[in-house]
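Next up, start10.pdb (PDB, C-alpha atoms, pLDDT in the B column):
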```pdb
ATOM      1  CA  MET Z  15    -134.647   0.213  27.614  1.00 49.00           C
ATOM      2  CA  PHE Z  16    -132.976   3.417  26.470  1.00 52.00           C
ATOM      3  CA  LEU Z  17    -131.699   4.194  29.992  1.00 55.00           C
ATOM      4  CA  ILE Z  18    -130.225   0.716  30.385  1.00 59.00           C
ATOM      5  CA  ASP Z  19    -128.433   0.979  27.040  1.00 73.00           C
ATOM      6  CA  ASN Z  20    -126.996   4.380  27.976  1.00 75.00           C
ATOM      7  CA  PHE Z  21    -125.880   3.065  31.358  1.00 75.00           C
ATOM      8  CA  LEU Z  22    -124.149   0.047  29.802  1.00 77.00           C
ATOM      9  CA  LEU Z  23    -122.493   2.236  27.192  1.00 79.00           C
ATOM     10  CA  MET Z  24    -121.270   4.591  29.898  1.00 81.00           C
ATOM     11  CA  CYS Z  25    -119.869   1.664  31.935  1.00 81.00           C
ATOM     12  CA  VAL Z  26    -118.030   0.323  28.900  1.00 83.00           C
ATOM     13  CA  CYS Z  27    -116.622   3.778  28.148  1.00 85.00           C
ATOM     14  CA  VAL Z  28    -115.413   4.171  31.721  1.00 84.00           C
ATOM     15  CA  CYS Z  29    -113.716   0.743  31.638  1.00 84.00           C
ATOM     16  CA  VAL Z  30    -112.029   1.487  28.313  1.00 84.00           C
ATOM     17  CA  CYS Z  31    -110.893   4.923  29.520  1.00 87.00           C
ATOM     18  CA  ARG Z  32    -109.386   3.406  32.675  1.00 86.00           C
ATOM     19  CA  TYR Z  33    -107.603   0.754  30.637  1.00 83.00           C
ATOM     20  CA  LEU Z  34    -106.232   3.377  28.248  1.00 82.00           C
ATOM     21  CA  PHE Z  35    -105.131   5.498  31.206  1.00 86.00           C
ATOM     22  CA  ASN Z  36    -103.202   2.514  32.609  1.00 83.00           C
ATOM     23  CA  LEU Z  37    -101.608   1.926  29.219  1.00 80.00           C
ATOM     24  CA  LYS Z  38    -100.650   5.586  28.871  1.00 83.00           C
ATOM     25  CA  LYS Z  39     -98.985   5.526  32.293  1.00 85.00           C
ATOM     26  CA  LYS Z  40     -96.637   2.829  30.991  1.00 82.00           C
ATOM     27  CA  VAL Z  41     -95.189   4.996  28.215  1.00 84.00           C
ATOM     28  CA  LYS Z  42     -91.459   5.503  28.769  1.00 84.00           C
ATOM     29  CA  ASN Z  43     -90.257   6.436  25.293  1.00 85.00           C
ATOM     30  CA  LYS Z  44     -92.419   9.215  23.855  1.00 85.00           C
ATOM     31  CA  ALA Z  45     -90.785   8.886  20.449  1.00 88.00           C
ATOM     32  CA  HIS Z  46     -92.188   5.347  20.084  1.00 88.00           C
ATOM     33  CA  VAL Z  47     -95.395   5.335  22.112  1.00 85.00           C
ATOM     34  CA  GLU Z  48     -96.922   2.142  20.672  1.00 87.00           C
ATOM     35  CA  ALA Z  49     -93.741   0.126  21.116  1.00 89.00           C
ATOM     36  CA  SER Z  50     -93.321   1.428  24.647  1.00 88.00           C
ATOM     37  CA  ILE Z  51     -96.883   0.406  25.596  1.00 86.00           C
ATOM     38  CA  CYS Z  52     -96.407  -3.018  24.014  1.00 87.00           C
ATOM     39  CA  GLU Z  53     -93.132  -3.552  25.839  1.00 89.00           C
ATOM     40  CA  ALA Z  54     -94.661  -2.583  29.200  1.00 86.00           C
ATOM     41  CA  TYR Z  55     -97.649  -4.865  28.597  1.00 86.00           C
ATOM     42  CA  ILE Z  56     -95.388  -7.814  27.736  1.00 90.00           C
ATOM     43  CA  VAL Z  57     -93.222  -7.201  30.811  1.00 88.00           C
ATOM     44  CA  GLU Z  58     -96.319  -7.126  33.014  1.00 86.00           C
ATOM     45  CA  GLU Z  59     -97.695 -10.348  31.523  1.00 89.00           C
ATOM     46  CA  ILE Z  60     -94.364 -12.144  31.842  1.00 90.00           C
ATOM     47  CA  SER Z  61     -93.878 -11.048  35.448  1.00 87.00           C
ATOM     48  CA  THR Z  62     -97.391 -12.212  36.314  1.00 86.00           C
ATOM     49  CA  PHE Z  63     -96.818 -15.580  34.632  1.00 88.00           C
ATOM     50  CA  ILE Z  64     -93.428 -16.115  36.259  1.00 88.00           C
ATOM     51  CA  SER Z  65     -94.750 -15.192  39.705  1.00 85.00           C
ATOM     52  CA  TYR Z  66     -96.807 -18.414  39.716  1.00 84.00           C
ATOM     53  CA  TYR Z  67     -93.534 -20.344  39.973  1.00 85.00           C
ATOM     54  CA  PHE Z  68     -91.956 -18.412  42.870  1.00 83.00           C
ATOM     55  CA  GLU Z  69     -91.789 -19.768  46.390  1.00 83.00           C
ATOM     56  CA  PRO Z  70     -95.052 -19.216  48.323  1.00 77.00           C
ATOM     57  CA  HIS Z  71     -93.421 -16.956  50.932  1.00 79.00           C
ATOM     58  CA  LEU Z  72     -92.346 -14.371  48.298  1.00 80.00           C
ATOM     59  CA  ARG Z  73     -94.829 -11.524  47.859  1.00 79.00           C
ATOM     60  CA  THR Z  74     -95.963 -10.990  44.270  1.00 80.00           C
ATOM     61  CA  ARG Z  75     -99.013  -9.552  42.526  1.00 76.00           C
ATOM     62  CA  ILE Z  76    -100.708 -12.934  42.850  1.00 76.00           C
ATOM     63  CA  ASN Z  77    -100.340 -13.480  46.610  1.00 73.00           C
ATOM     64  CA  ARG Z  78     -99.987  -9.974  48.024  1.00 73.00           C
ATOM     65  CA  VAL Z  79    -101.541  -9.046  51.343  1.00 70.00           C
ATOM     66  CA  PRO Z  80    -104.943  -7.375  50.976  1.00 65.00           C
ATOM     67  CA  ARG Z  81    -105.025  -3.606  51.241  1.00 65.00           C
ATOM     68  CA  HIS Z  82    -106.789  -3.327  54.597  1.00 61.00           C
ATOM     69  CA  ASP Z  83    -105.306  -6.395  56.277  1.00 61.00           C
ATOM     70  CA  ASP Z  84    -104.019  -5.571  59.752  1.00 59.00           C
ATOM     71  CA  GLY Z  85    -102.378  -8.918  60.373  1.00 62.00           C
ATOM     72  CA  GLY Z  86    -105.108 -11.210  61.646  1.00 59.00           C
ATOM     73  CA  GLU Z  87    -106.823 -11.359  64.993  1.00 56.00           C
ATOM     74  CA  VAL Z  88    -105.543  -9.803  68.170  1.00 54.00           C
ATOM     75  CA  PRO Z  89    -105.222 -12.313  71.034  1.00 58.00           C
ATOM     76  CA  SER Z  90    -108.106 -11.772  73.403  1.00 54.00           C
ATOM     77  CA  SER Z  91    -107.181 -11.147  77.034  1.00 58.00           C
ATOM     78  CA  GLY Z  92    -110.506 -11.737  78.727  1.00 58.00           C
ATOM     79  CA  ASN Z  93    -112.366  -9.223  76.542  1.00 67.00           C
ATOM     80  CA  LEU Z  94    -115.388 -10.072  74.444  1.00 70.00           C
ATOM     81  CA  SER Z  95    -114.585 -11.736  71.119  1.00 69.00           C
ATOM     82  CA  ILE Z  96    -116.261  -8.998  69.107  1.00 68.00           C
ATOM     83  CA  PHE Z  97    -113.540  -6.557  70.198  1.00 67.00           C
ATOM     84  CA  SER Z  98    -110.626  -8.817  69.218  1.00 65.00           C
ATOM     85  CA  ASN Z  99    -110.513  -7.588  65.614  1.00 63.00           C
ATOM     86  CA  PRO Z 100    -107.547  -5.341  64.866  1.00 62.00           C
ATOM     87  CA  GLY Z 101    -108.133  -1.807  63.747  1.00 61.00           C
ATOM     88  CA  ARG Z 102    -106.352   1.268  62.524  1.00 60.00           C
ATOM     89  CA  PRO Z 103    -105.989   4.507  64.435  1.00 59.00           C
ATOM     90  CA  THR Z 104    -107.920   7.439  63.063  1.00 60.00           C
ATOM     91  CA  PRO Z 105    -105.899   9.911  61.033  1.00 62.00           C
ATOM     92  CA  LYS Z 106    -104.760  13.127  62.665  1.00 64.00           C
ATOM     93  CA  ASN Z 107    -106.972  15.245  60.440  1.00 61.00           C
ATOM     94  CA  ALA Z 108    -110.119  13.213  61.206  1.00 63.00           C
ATOM     95  CA  VAL Z 109    -112.993  14.859  63.007  1.00 63.00           C
ATOM     96  CA  ARG Z 110    -112.928  13.768  66.625  1.00 65.00           C
ATOM     97  CA  GLY Z 111    -115.572  14.065  69.281  1.00 69.00           C
ATOM     98  CA  ARG Z 112    -118.593  13.041  67.222  1.00 74.00           C
ATOM     99  CA  TYR Z 113    -121.441  11.808  69.370  1.00 80.00           C
ATOM    100  CA  LEU Z 114    -123.843   9.098  68.247  1.00 83.00           C
ATOM    101  CA  SER Z 115    -127.492   9.904  67.928  1.00 89.00           C
ATOM    102  CA  GLU Z 116    -129.946   7.846  69.966  1.00 92.00           C
ATOM    103  CA  ILE Z 117    -130.769   5.625  66.964  1.00 92.00           C
ATOM    104  CA  GLU Z 118    -127.095   5.082  66.101  1.00 90.00           C
ATOM    105  CA  PHE Z 119    -126.309   4.232  69.722  1.00 91.00           C
ATOM    106  CA  ARG Z 120    -129.122   1.654  69.841  1.00 92.00           C
ATOM    107  CA  GLN Z 121    -127.957   0.133  66.546  1.00 91.00           C
ATOM    108  CA  ALA Z 122    -124.365  -0.153  67.803  1.00 87.00           C
ATOM    109  CA  HIS Z 123    -125.556  -1.601  71.102  1.00 88.00           C
ATOM    110  CA  ASN Z 124    -127.738  -4.203  69.359  1.00 88.00           C
ATOM    111  CA  TYR Z 125    -124.899  -5.082  66.978  1.00 85.00           C
ATOM    112  CA  VAL Z 126    -122.595  -5.853  69.894  1.00 82.00           C
ATOM    113  CA  LEU Z 127    -125.264  -7.860  71.700  1.00 82.00           C
ATOM    114  CA  PHE Z 128    -126.326  -9.964  68.717  1.00 82.00           C
ATOM    115  CA  ASN Z 129    -122.852 -10.603  67.269  1.00 81.00           C
ATOM    116  CA  CYS Z 130    -120.960 -11.537  70.423  1.00 80.00           C
ATOM    117  CA  ASP Z 131    -120.580 -15.304  70.905  1.00 79.00           C
ATOM    118  CA  GLU Z 132    -120.229 -15.002  74.681  1.00 80.00           C
ATOM    119  CA  LEU Z 133    -123.711 -13.472  74.959  1.00 78.00           C
ATOM    120  CA  ARG Z 134    -125.578 -16.038  72.816  1.00 79.00           C
ATOM    121  CA  PRO Z 135    -126.710 -18.176  75.809  1.00 79.00           C
ATOM    122  CA  PHE Z 136    -128.349 -15.126  77.392  1.00 77.00           C
ATOM    123  CA  ILE Z 137    -130.234 -14.082  74.248  1.00 72.00           C
ATOM    124  CA  LYS Z 138    -132.272 -17.304  74.112  1.00 68.00           C
TER
END
```
In C-alpha coordinates, what does this structure look like?
Amino acid sequence: MFLIDNFLLMCVCVCVCRYLFNLKKKVKNKAHVEASICEAYIVEEISTFISYYFEPHLRTRINRVPRHDDGGEVPSSGNLSIFSNPGRPTPKNAVRGRYLSEIEFRQAHNYVLFNCDELRPFIK
(Lines of atoms letter the chains of each structure in order from A and count residues from 1; the text may use other names and numbers.)
(Lines give C-alpha, C1' and ligand atoms only; values in the text may rest on other atoms or scores of the structure.)
Protein backbone atom coordinates (compact mmCIF):
# COMPACT_ATOMS: atom_id res chain seq x y z
CA MET A 1 0.00 0.00 0.00
CA PHE A 2 2.86 2.35 0.82
CA LEU A 3 4.49 1.82 -2.60
CA ILE A 4 1.23 2.54 -4.42
CA ASP A 5 0.71 5.75 -2.45
CA ASN A 6 4.26 6.90 -3.21
CA PHE A 7 3.82 6.08 -6.89
CA LEU A 8 0.54 8.01 -7.11
CA LEU A 9 2.06 10.96 -5.26
CA MET A 10 5.02 10.95 -7.63
CA CYS A 11 2.70 10.86 -10.68
CA VAL A 12 0.70 13.79 -9.34
CA CYS A 13 3.89 15.74 -8.66
CA VAL A 14 5.16 15.09 -12.17
CA CYS A 15 1.84 16.24 -13.69
CA VAL A 16 1.78 19.40 -11.58
CA CYS A 17 5.43 20.16 -12.41
CA ARG A 18 4.75 19.77 -16.14
CA TYR A 19 1.71 22.02 -15.90
CA LEU A 20 3.70 24.66 -14.01
CA PHE A 21 6.49 24.39 -16.58
CA ASN A 22 3.97 25.07 -19.36
CA LEU A 23 2.60 28.04 -17.44
CA LYS A 24 6.09 29.43 -16.83
CA LYS A 25 6.88 29.20 -20.55
CA LYS A 26 3.99 31.58 -21.21
CA VAL A 27 5.45 34.42 -19.13
CA LYS A 28 6.14 37.43 -21.34
CA ASN A 29 6.22 40.27 -18.82
CA LYS A 30 8.53 39.39 -15.93
CA ALA A 31 7.42 42.43 -13.96
CA HIS A 32 3.87 41.02 -13.73
CA VAL A 33 4.30 37.25 -13.83
CA GLU A 34 0.83 36.29 -12.56
CA ALA A 35 -0.97 38.61 -14.96
CA SER A 36 1.15 37.39 -17.85
CA ILE A 37 0.33 33.74 -17.09
CA CYS A 38 -3.36 34.55 -16.74
CA GLU A 39 -3.39 36.45 -20.02
CA ALA A 40 -1.66 33.59 -21.87
CA TYR A 41 -4.07 31.05 -20.37
CA ILE A 42 -7.10 33.11 -21.42
CA VAL A 43 -5.72 33.56 -24.95
CA GLU A 44 -5.17 29.81 -25.23
CA GLU A 45 -8.68 29.00 -24.00
CA ILE A 46 -10.29 31.54 -26.32
CA SER A 47 -8.35 30.32 -29.35
CA THR A 48 -9.32 26.73 -28.58
CA PHE A 49 -12.99 27.69 -28.19
CA ILE A 50 -13.06 29.77 -31.36
CA SER A 51 -11.35 27.05 -33.39
CA TYR A 52 -14.51 24.92 -33.07
CA TYR A 53 -16.26 27.42 -35.34
CA PHE A 54 -13.66 27.58 -38.14
CA GLU A 55 -14.12 25.87 -41.47
CA PRO A 56 -13.18 22.16 -41.35
CA HIS A 57 -10.33 22.54 -43.86
CA LEU A 58 -8.44 25.03 -41.62
CA ARG A 59 -5.82 23.40 -39.39
CA THR A 60 -6.19 24.22 -35.70
CA ARG A 61 -5.27 22.58 -32.40
CA ILE A 62 -8.50 20.59 -32.57
CA ASN A 63 -8.12 19.02 -36.02
CA ARG A 64 -4.36 19.01 -36.62
CA VAL A 65 -2.69 16.15 -38.43
CA PRO A 66 -1.21 13.55 -36.06
CA ARG A 67 2.51 13.76 -35.42
CA HIS A 68 3.56 10.62 -37.30
CA ASP A 69 1.01 10.76 -40.12
CA ASP A 70 2.68 10.27 -43.49
CA GLY A 71 -0.39 11.03 -45.56
CA GLY A 72 -2.36 7.80 -45.77
CA GLU A 73 -1.72 4.67 -47.75
CA VAL A 74 0.58 4.40 -50.72
CA PRO A 75 -1.16 3.01 -53.83
CA SER A 76 -0.11 -0.58 -54.26
CA SER A 77 1.39 -1.48 -57.63
CA GLY A 78 1.17 -5.25 -57.53
CA ASN A 79 3.05 -5.53 -54.22
CA LEU A 80 1.67 -7.22 -51.14
CA SER A 81 -0.73 -5.08 -49.11
CA ILE A 82 1.41 -5.26 -45.99
CA PHE A 83 4.09 -3.18 -47.73
CA SER A 84 1.70 -0.41 -48.85
CA ASN A 85 2.03 1.57 -45.61
CA PRO A 86 4.08 4.75 -45.98
CA GLY A 87 7.22 5.16 -43.98
CA ARG A 88 9.94 7.63 -43.17
CA PRO A 89 13.55 7.35 -44.25
CA THR A 90 16.03 6.66 -41.49
CA PRO A 91 17.97 9.67 -40.26
CA LYS A 92 21.51 10.20 -41.50
CA ASN A 93 22.99 9.59 -38.07
CA ALA A 94 21.15 6.28 -37.58
CA VAL A 95 23.13 3.08 -37.30
CA ARG A 96 22.95 1.26 -40.61
CA GLY A 97 23.84 -2.30 -41.45
CA ARG A 98 22.29 -4.02 -38.44
CA TYR A 99 21.57 -7.67 -39.09
CA LEU A 100 18.63 -9.49 -37.55
CA SER A 101 19.27 -12.41 -35.28
CA GLU A 102 17.73 -15.75 -36.22
CA ILE A 103 14.83 -15.24 -33.77
CA GLU A 104 14.16 -11.69 -35.00
CA PHE A 105 14.22 -12.86 -38.61
CA ARG A 106 11.70 -15.63 -37.87
CA GLN A 107 9.45 -13.18 -36.02
CA ALA A 108 9.54 -10.71 -38.93
CA HIS A 109 8.91 -13.50 -41.42
CA ASN A 110 5.93 -14.82 -39.43
CA TYR A 111 4.55 -11.30 -39.04
CA VAL A 112 4.54 -10.80 -42.81
CA LEU A 113 2.99 -14.21 -43.43
CA PHE A 114 0.21 -13.90 -40.85
CA ASN A 115 -0.70 -10.25 -41.51
CA CYS A 116 -0.82 -10.25 -45.30
CA ASP A 117 -4.35 -10.55 -46.72
CA GLU A 118 -3.14 -12.06 -50.00
CA LEU A 119 -1.64 -15.05 -48.16
CA ARG A 120 -4.68 -15.89 -45.99
CA PRO A 121 -6.05 -18.56 -48.40
CA PHE A 122 -2.74 -20.43 -48.25
CA ILE A 123 -2.52 -20.42 -44.44
CA LYS A 124 -5.71 -22.46 -44.02
>> One number please: CA of Phe63 (chain Z) to CA of Arg75 (chain Z), in Å, one decimal.
In response: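 Taking CA of Phe63 (chain Z) and CA of Arg75 (chain Z), their separation equals 10.2 Å.
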> Just how far from CA of Cys29 (chain Z) is CA of Ile51 (chain Z), in Å to one decimal?
Replying inline: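 It comes out at 17.9 Å.
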>> Taking only C-alpha atoms into account, name the residue in Z:Leu127, Z:Met24, Z:Ala54, Z:Ile76 that is nearest to Lys38 (chain Z).
In response: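 Closest candidate: Z:Ala54.
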Just need the box for region 29-48 of chain Z, edges along x, y and z, holding every atom the file lists for it with 6 Å tacked onto each side, so centre and edge lengths in Å to one decimal, as lines of an AutoDock Vina configuration file.
```
center_x = -102.0
center_y = 5.0
center_z = 26.4
size_x = 35.5
size_y = 20.5
size_z = 24.6
```
>> One number please: CA of Ser61 (chain Z) to CA of Cys27 (chain Z), in Å, one decimal.
In response: 28.1 Å
